[in-house]
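Below is data16.pdb, which holds PDB, C-alpha atoms.
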```pdb
ATOM      1  CA  MET M   1       0.000   0.000   0.000
ATOM      2  CA  LEU M   2       2.789   2.395   0.907
ATOM      3  CA  LYS M   3       4.573   1.552  -2.370
ATOM      4  CA  ASN M   4       1.461   2.429  -4.356
ATOM      5  CA  LEU M   5       1.071   5.685  -2.473
ATOM      6  CA  VAL M   6       4.718   6.654  -3.083
ATOM      7  CA  LEU M   7       4.455   5.663  -6.755
ATOM      8  CA  THR M   8       1.244   7.682  -7.196
ATOM      9  CA  PHE M   9       2.739  10.723  -5.463
ATOM     10  CA  SER M  10       5.916  10.455  -7.599
ATOM     11  CA  LEU M  11       3.894  10.303 -10.800
ATOM     12  CA  LEU M  12       1.827  13.329  -9.747
ATOM     13  CA  VAL M  13       4.960  15.315  -9.017
ATOM     14  CA  PHE M  14       6.549  14.236 -12.306
ATOM     15  CA  PHE M  15       3.557  15.256 -14.416
ATOM     16  CA  ALA M  16       2.922  18.452 -12.453
ATOM     17  CA  CYS M  17       6.464  19.806 -12.886
ATOM     18  CA  ASP M  18       6.942  22.841 -15.077
ATOM     19  CA  ASP M  19       8.945  22.105 -18.188
ATOM     20  CA  GLY M  20      10.519  25.566 -18.065
ATOM     21  CA  ASP M  21       8.548  27.030 -20.956
ATOM     22  CA  LEU M  22       7.522  30.640 -20.564
ATOM     23  CA  GLN M  23       3.793  30.770 -19.848
ATOM     24  CA  ILE M  24       2.052  34.124 -20.121
ATOM     25  CA  GLU M  25      -1.568  34.034 -19.033
ATOM     26  CA  THR M  26      -2.483  37.718 -19.076
ATOM     27  CA  LEU M  27      -0.858  41.085 -19.587
ATOM     28  CA  ASP M  28      -1.692  43.719 -17.018
ATOM     29  CA  PHE M  29      -0.629  47.242 -17.918
ATOM     30  CA  ASP M  30      -3.821  48.979 -16.775
ATOM     31  CA  SER M  31      -2.166  50.685 -13.821
ATOM     32  CA  ALA M  32       1.037  51.552 -15.719
ATOM     33  CA  ASN M  33       1.455  55.072 -17.081
ATOM     34  CA  ILE M  34       2.173  55.719 -20.730
ATOM     35  CA  GLU M  35       5.704  57.028 -21.187
ATOM     36  CA  VAL M  36       7.577  58.815 -23.929
ATOM     37  CA  CYS M  37      11.144  60.080 -23.907
ATOM     38  CA  ASP M  38      11.034  63.793 -23.033
ATOM     39  CA  ASP M  39      13.953  64.800 -25.225
ATOM     40  CA  ASN M  40      12.478  63.365 -28.435
ATOM     41  CA  PRO M  41      12.308  65.789 -31.356
ATOM     42  CA  VAL M  42       8.877  67.210 -32.192
ATOM     43  CA  MET M  43       6.590  64.174 -32.389
ATOM     44  CA  ALA M  44       5.141  65.059 -35.783
ATOM     45  CA  GLU M  45       8.590  64.898 -37.396
ATOM     46  CA  VAL M  46       9.707  61.417 -36.310
ATOM     47  CA  ALA M  47       8.259  58.007 -35.617
ATOM     48  CA  ASN M  48       6.704  57.835 -32.163
ATOM     49  CA  VAL M  49       7.770  55.269 -29.569
ATOM     50  CA  LEU M  50       5.459  55.056 -26.563
ATOM     51  CA  PHE M  51       5.725  52.465 -23.824
ATOM     52  CA  LYS M  52       4.237  51.192 -20.591
ATOM     53  CA  LEU M  53       6.356  49.503 -17.922
ATOM     54  CA  ASN M  54       5.288  46.950 -15.335
ATOM     55  CA  ASP M  55       8.283  45.798 -13.240
ATOM     56  CA  THR M  56      10.075  43.359 -15.584
ATOM     57  CA  GLU M  57       7.679  43.798 -18.521
ATOM     58  CA  ALA M  58       7.197  46.429 -21.206
ATOM     59  CA  LEU M  59       4.477  47.039 -23.758
ATOM     60  CA  ILE M  60       5.935  49.134 -26.575
ATOM     61  CA  LEU M  61       3.909  50.967 -29.219
ATOM     62  CA  GLU M  62       5.659  52.279 -32.321
ATOM     63  CA  LEU M  63       3.616  54.620 -34.481
ATOM     64  CA  PRO M  64       4.440  56.220 -37.816
ATOM     65  CA  ALA M  65       5.203  59.949 -37.751
ATOM     66  CA  ASP M  66       1.816  60.870 -39.223
ATOM     67  CA  ALA M  67      -0.199  59.055 -36.521
ATOM     68  CA  ILE M  68       0.097  61.741 -33.827
ATOM     69  CA  LEU M  69      -0.554  65.128 -35.364
ATOM     70  CA  ASN M  70      -0.573  68.496 -33.642
ATOM     71  CA  GLU M  71      -4.099  69.308 -34.697
ATOM     72  CA  VAL M  72      -7.548  68.489 -33.381
ATOM     73  CA  SER M  73      -8.899  65.374 -35.084
ATOM     74  CA  THR M  74     -12.424  65.444 -36.468
ATOM     75  CA  THR M  75     -12.453  61.639 -36.638
ATOM     76  CA  GLU M  76     -10.558  58.870 -34.913
ATOM     77  CA  ILE M  77      -7.220  58.157 -36.596
ATOM     78  CA  GLU M  78      -6.907  54.422 -37.166
ATOM     79  CA  ARG M  79      -3.650  52.525 -37.789
ATOM     80  CA  THR M  80      -3.367  48.791 -38.401
ATOM     81  CA  VAL M  81      -0.840  46.908 -36.284
ATOM     82  CA  SER M  82       1.376  44.320 -37.965
ATOM     83  CA  ALA M  83       4.749  42.701 -37.326
ATOM     84  CA  SER M  84       6.296  44.700 -40.173
ATOM     85  CA  GLY M  85       4.707  48.011 -39.191
ATOM     86  CA  PRO M  86       4.303  50.857 -39.704
ATOM     87  CA  ALA M  87       2.357  50.540 -36.405
ATOM     88  CA  LYS M  88       3.924  47.896 -34.155
ATOM     89  CA  VAL M  89       3.180  46.574 -30.678
ATOM     90  CA  THR M  90       5.916  44.663 -28.876
ATOM     91  CA  TYR M  91       5.715  42.866 -25.554
ATOM     92  CA  ARG M  92       9.034  42.295 -23.771
ATOM     93  CA  ILE M  93      10.002  40.445 -20.628
ATOM     94  CA  PHE M  94      13.286  41.539 -19.044
ATOM     95  CA  SER M  95      15.735  39.789 -16.726
ATOM     96  CA  ASP M  96      15.244  42.462 -14.063
ATOM     97  CA  GLN M  97      13.148  45.567 -13.376
ATOM     98  CA  VAL M  98      13.184  47.958 -16.309
ATOM     99  CA  SER M  99      12.980  51.770 -16.212
ATOM    100  CA  ASN M 100      12.363  54.435 -18.840
ATOM    101  CA  ASP M 101      16.160  54.962 -18.994
ATOM    102  CA  TYR M 102      16.308  51.681 -20.913
ATOM    103  CA  PHE M 103      14.362  53.305 -23.772
ATOM    104  CA  CYS M 104      15.465  56.937 -23.407
ATOM    105  CA  SER M 105      19.252  56.750 -22.906
ATOM    106  CA  ASP M 106      21.507  58.216 -25.581
ATOM    107  CA  ILE M 107      23.730  55.151 -25.216
ATOM    108  CA  PRO M 108      21.684  51.935 -25.090
ATOM    109  CA  LEU M 109      21.796  50.158 -21.737
ATOM    110  CA  THR M 110      23.088  46.590 -21.581
ATOM    111  CA  THR M 111      20.988  45.601 -18.579
ATOM    112  CA  PRO M 112      18.417  44.413 -17.975
ATOM    113  CA  THR M 113      18.492  41.956 -20.836
ATOM    114  CA  VAL M 114      15.495  40.918 -22.921
ATOM    115  CA  VAL M 115      14.360  37.414 -21.922
ATOM    116  CA  GLU M 116      11.423  37.208 -24.338
ATOM    117  CA  GLU M 117      10.143  39.477 -27.114
ATOM    118  CA  ILE M 118       6.823  39.000 -28.855
ATOM    119  CA  ILE M 119       5.730  41.262 -31.704
ATOM    120  CA  ALA M 120       2.003  41.604 -32.356
ATOM    121  CA  GLU M 121       0.800  40.129 -35.619
ATOM    122  CA  GLY M 122      -2.381  42.172 -35.814
ATOM    123  CA  GLY M 123      -4.721  44.646 -34.196
ATOM    124  CA  THR M 124      -5.697  48.292 -34.413
ATOM    125  CA  VAL M 125      -4.584  51.554 -32.816
ATOM    126  CA  PHE M 126      -7.135  54.361 -32.484
ATOM    127  CA  ILE M 127      -6.003  57.949 -31.775
ATOM    128  CA  THR M 128      -8.229  60.914 -30.986
ATOM    129  CA  THR M 129      -6.710  64.377 -30.577
ATOM    130  CA  THR M 130      -8.387  67.173 -28.656
ATOM    131  CA  LEU M 131      -7.308  70.595 -27.450
ATOM    132  CA  SER M 132      -6.747  71.020 -23.708
ATOM    133  CA  SER M 133      -9.147  73.283 -21.799
ATOM    134  CA  ASP M 134      -6.499  76.018 -21.590
ATOM    135  CA  ALA M 135      -5.641  75.649 -25.317
ATOM    136  CA  THR M 136      -1.911  75.150 -24.631
ATOM    137  CA  ASN M 137      -1.673  71.401 -25.349
ATOM    138  CA  TYR M 138      -2.966  68.793 -27.725
ATOM    139  CA  GLU M 139      -4.146  65.651 -25.915
ATOM    140  CA  HIS M 140      -3.749  62.458 -27.931
ATOM    141  CA  SER M 141      -5.879  59.623 -26.498
ATOM    142  CA  ILE M 142      -4.621  56.191 -27.610
ATOM    143  CA  ILE M 143      -6.631  52.961 -27.627
ATOM    144  CA  LEU M 144      -5.399  49.493 -28.630
ATOM    145  CA  SER M 145      -7.893  46.922 -29.842
ATOM    146  CA  GLY M 146      -7.653  43.273 -30.886
ATOM    147  CA  ILE M 147      -3.894  43.064 -30.426
ATOM    148  CA  SER M 148      -2.813  39.538 -31.348
ATOM    149  CA  LEU M 149       0.389  38.353 -29.670
ATOM    150  CA  VAL M 150       1.700  34.969 -30.797
ATOM    151  CA  THR M 151       4.822  33.271 -29.418
ATOM    152  CA  SER M 152       7.611  31.822 -31.573
ATOM    153  CA  GLU M 153       5.953  28.402 -31.013
ATOM    154  CA  ASN M 154       2.754  29.811 -32.599
ATOM    155  CA  ASP M 155       0.868  29.830 -29.304
ATOM    156  CA  ARG M 156      -1.536  32.730 -28.929
ATOM    157  CA  ILE M 157      -0.898  34.269 -25.547
ATOM    158  CA  THR M 158      -3.584  36.910 -25.560
ATOM    159  CA  ASP M 159      -6.036  39.018 -27.455
ATOM    160  CA  LEU M 160      -5.300  42.339 -25.880
ATOM    161  CA  SER M 161      -7.701  45.240 -25.697
ATOM    162  CA  ILE M 162      -6.610  48.296 -23.807
ATOM    163  CA  ASN M 163      -9.454  50.756 -23.885
ATOM    164  CA  ASN M 164      -7.128  53.419 -22.597
ATOM    165  CA  PHE M 165      -3.469  52.835 -23.507
ATOM    166  CA  GLY M 166      -2.922  56.395 -22.390
ATOM    167  CA  THR M 167      -2.894  60.044 -23.297
ATOM    168  CA  VAL M 168       0.145  61.848 -24.651
ATOM    169  CA  THR M 169       0.292  65.636 -24.686
ATOM    170  CA  THR M 170       2.159  67.845 -27.094
ATOM    171  CA  ALA M 171       2.462  71.611 -26.802
ATOM    172  CA  VAL M 172       0.554  73.923 -29.075
ATOM    173  CA  PRO M 173       3.136  76.155 -30.783
ATOM    174  CA  VAL M 174       3.009  79.670 -29.314
ATOM    175  CA  GLU M 175       1.877  81.251 -32.579
ATOM    176  CA  GLU M 176      -1.129  78.878 -32.684
ATOM    177  CA  GLU M 177      -2.372  79.434 -29.123
ATOM    178  CA  LEU M 178      -5.837  80.943 -28.980
TER     179      LEU M 178
END
```

Render the structure in this file as C-alpha cells.
Amino acid sequence: MLKNLVLTFSLLVFFACDDGDLQIETLDFDSANIEVCDDNPVMAEVANVLFKLNDTEALILELPADAILNEVSTTEIERTVSASGPAKVTYRIFSDQVSNDYFCSDIPLTTPTVVEEIIAEGGTVFITTTLSSDATNYEHSIILSGISLVTSENDRITDLSINNFGTVTTAVPVEEEL
C-alpha cells in the first residue's frame, strides 16, 4: 500500500512539474502610465515610440510619424498593427526591473536583458486628438484593440484590448495658441 502511495505521489509530481517554458496568461498594464522620452524631437517629425512599464515587462507601441498630429482630429485616426509596421506593438520580458532609462538613454543600456520578445501580428490603434481646456496642449488619447500576440511556437498568448493605452500631450506652438 505504501509503495502504491509513493508511486502515485511520484507520478503526480513528475507530471505536475513545469517544463521551463515561458507561460504568459495575461498582460496587465492597466495601472502603468504611458511614457515617452522627453527629449524626443517634435513628435510630428519622427516616428513615435510610446511604452508602458510593469516591473520586468514592457508594452511598446511604435507609431508612424503621421499618426500623432498636432491638430484636433475630427475623426478617430486608425492605424493597423502588424509585425512589419508601420504601427507595431511589442511585448518584452526583461531579466530584471526595467525603467524608462532603458528606452530613453543616448547610449543603449546593456541591462536588464530581454528574456522574451513578442511582436504583435495584428490589431488596431485608435487615436483621438483634442485641445486642452487652456488651449496650450494637444491631448492624444490612444486605444489598442484586438492586439494579437503569438509566441515563436505559434501559441496565442492573448487578445489584448486596452481601452485606454494612455494620453500623450504635445504643446501647441506659441503662434497657434488661442

Checklist entry - Skipping near chain neighbours, those fewer than 2 positions away, what residues fall within 10 Å of stretch 68-75 of chain M using only C-alpha atoms, listed as a PyMOL selection string? => result chain M and resi 42-48+63-66+77-78+126-131+137-142+168-173

Next on the checklist: Rounded to one decimal, what separation in Å do you get between atom CA of M:Thr80 and atom CA of M:Ser99?
Outcome noted: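 So the answer is 27.7 Å.
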
Item to check | Explicit residues for the PyMOL selection byres ((chain M and resi 97) around 10) (as a PyMOL selection string) | outcome: chain M and resi 53-58+93-96+98-99+111-113

Next on the checklist: Which residues would end up in the selection if the PyMOL selection byres ((chain M and resi 124) around 9) were applied here, given that I need the answer as a ChimeraX atom specification?
Outcome noted: /M:78-82,87,122-123,125-126,143-147

Checklist outcome for this item: Min atom-atom distance to M:Ser31 from the set M:Val174, M:Ser148, M:Glu116, M:Gly166, counting only C-alpha atoms, belongs to M:Gly166

Around stretch 117-124 of chain M, fit a box with edges along x, y and z, padding it by 4 Å on each side, then list its centre and edge lengths in Å to one decimal as JSON.
```
{"center_x": 2.2, "center_y": 43.6, "center_z": -31.5, "size_x": 23.8, "size_y": 17.3, "size_z": 16.7}
```

Item to check | Å distance separating atom CA of M:Ser152 from atom CA of M:Leu61, one decimal place | outcome: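 Calculated distance between atom CA of M:Ser152 and atom CA of M:Leu61 is 19.6 Å.
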
Next on the checklist: Env of M:Asp101: 12 Å cut, atoms = all atoms listed in the file, seq-sep filter 4 positions within chain, self excluded. Answer as a PyMOL selection string.
Outcome noted: chain M and resi 35-39+51+53+97+105-112

Next on the checklist: Could you tell me how far atom CA of M:Val49 sits from atom CA of M:Tyr102, in Å to one decimal place?
Outcome noted: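 Pair atom CA of M:Tyr102 / atom CA of M:Val49 returns 12.7 Å.
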
Next on the checklist: Under the PyMOL selection byres ((chain M and resi 91) around 7), which residues of this model are included? Write them out as an MDAnalysis selection string.
Outcome noted: chainID M and resid 58:60 89:90 92:93 117:119

Checklist entry - Taking only C-alpha atoms into account, which of M:Thr151, M:Val115, M:Pro86, M:Phe165 comes nearest M:Asn33? => result M:Phe165

Checklist entry - Looking at M:Ala135, M:Ala67, M:Ala120, M:Cys104, which one is nearest to M:Arg156, with distances taken over all atoms listed in the file? => result M:Ala120
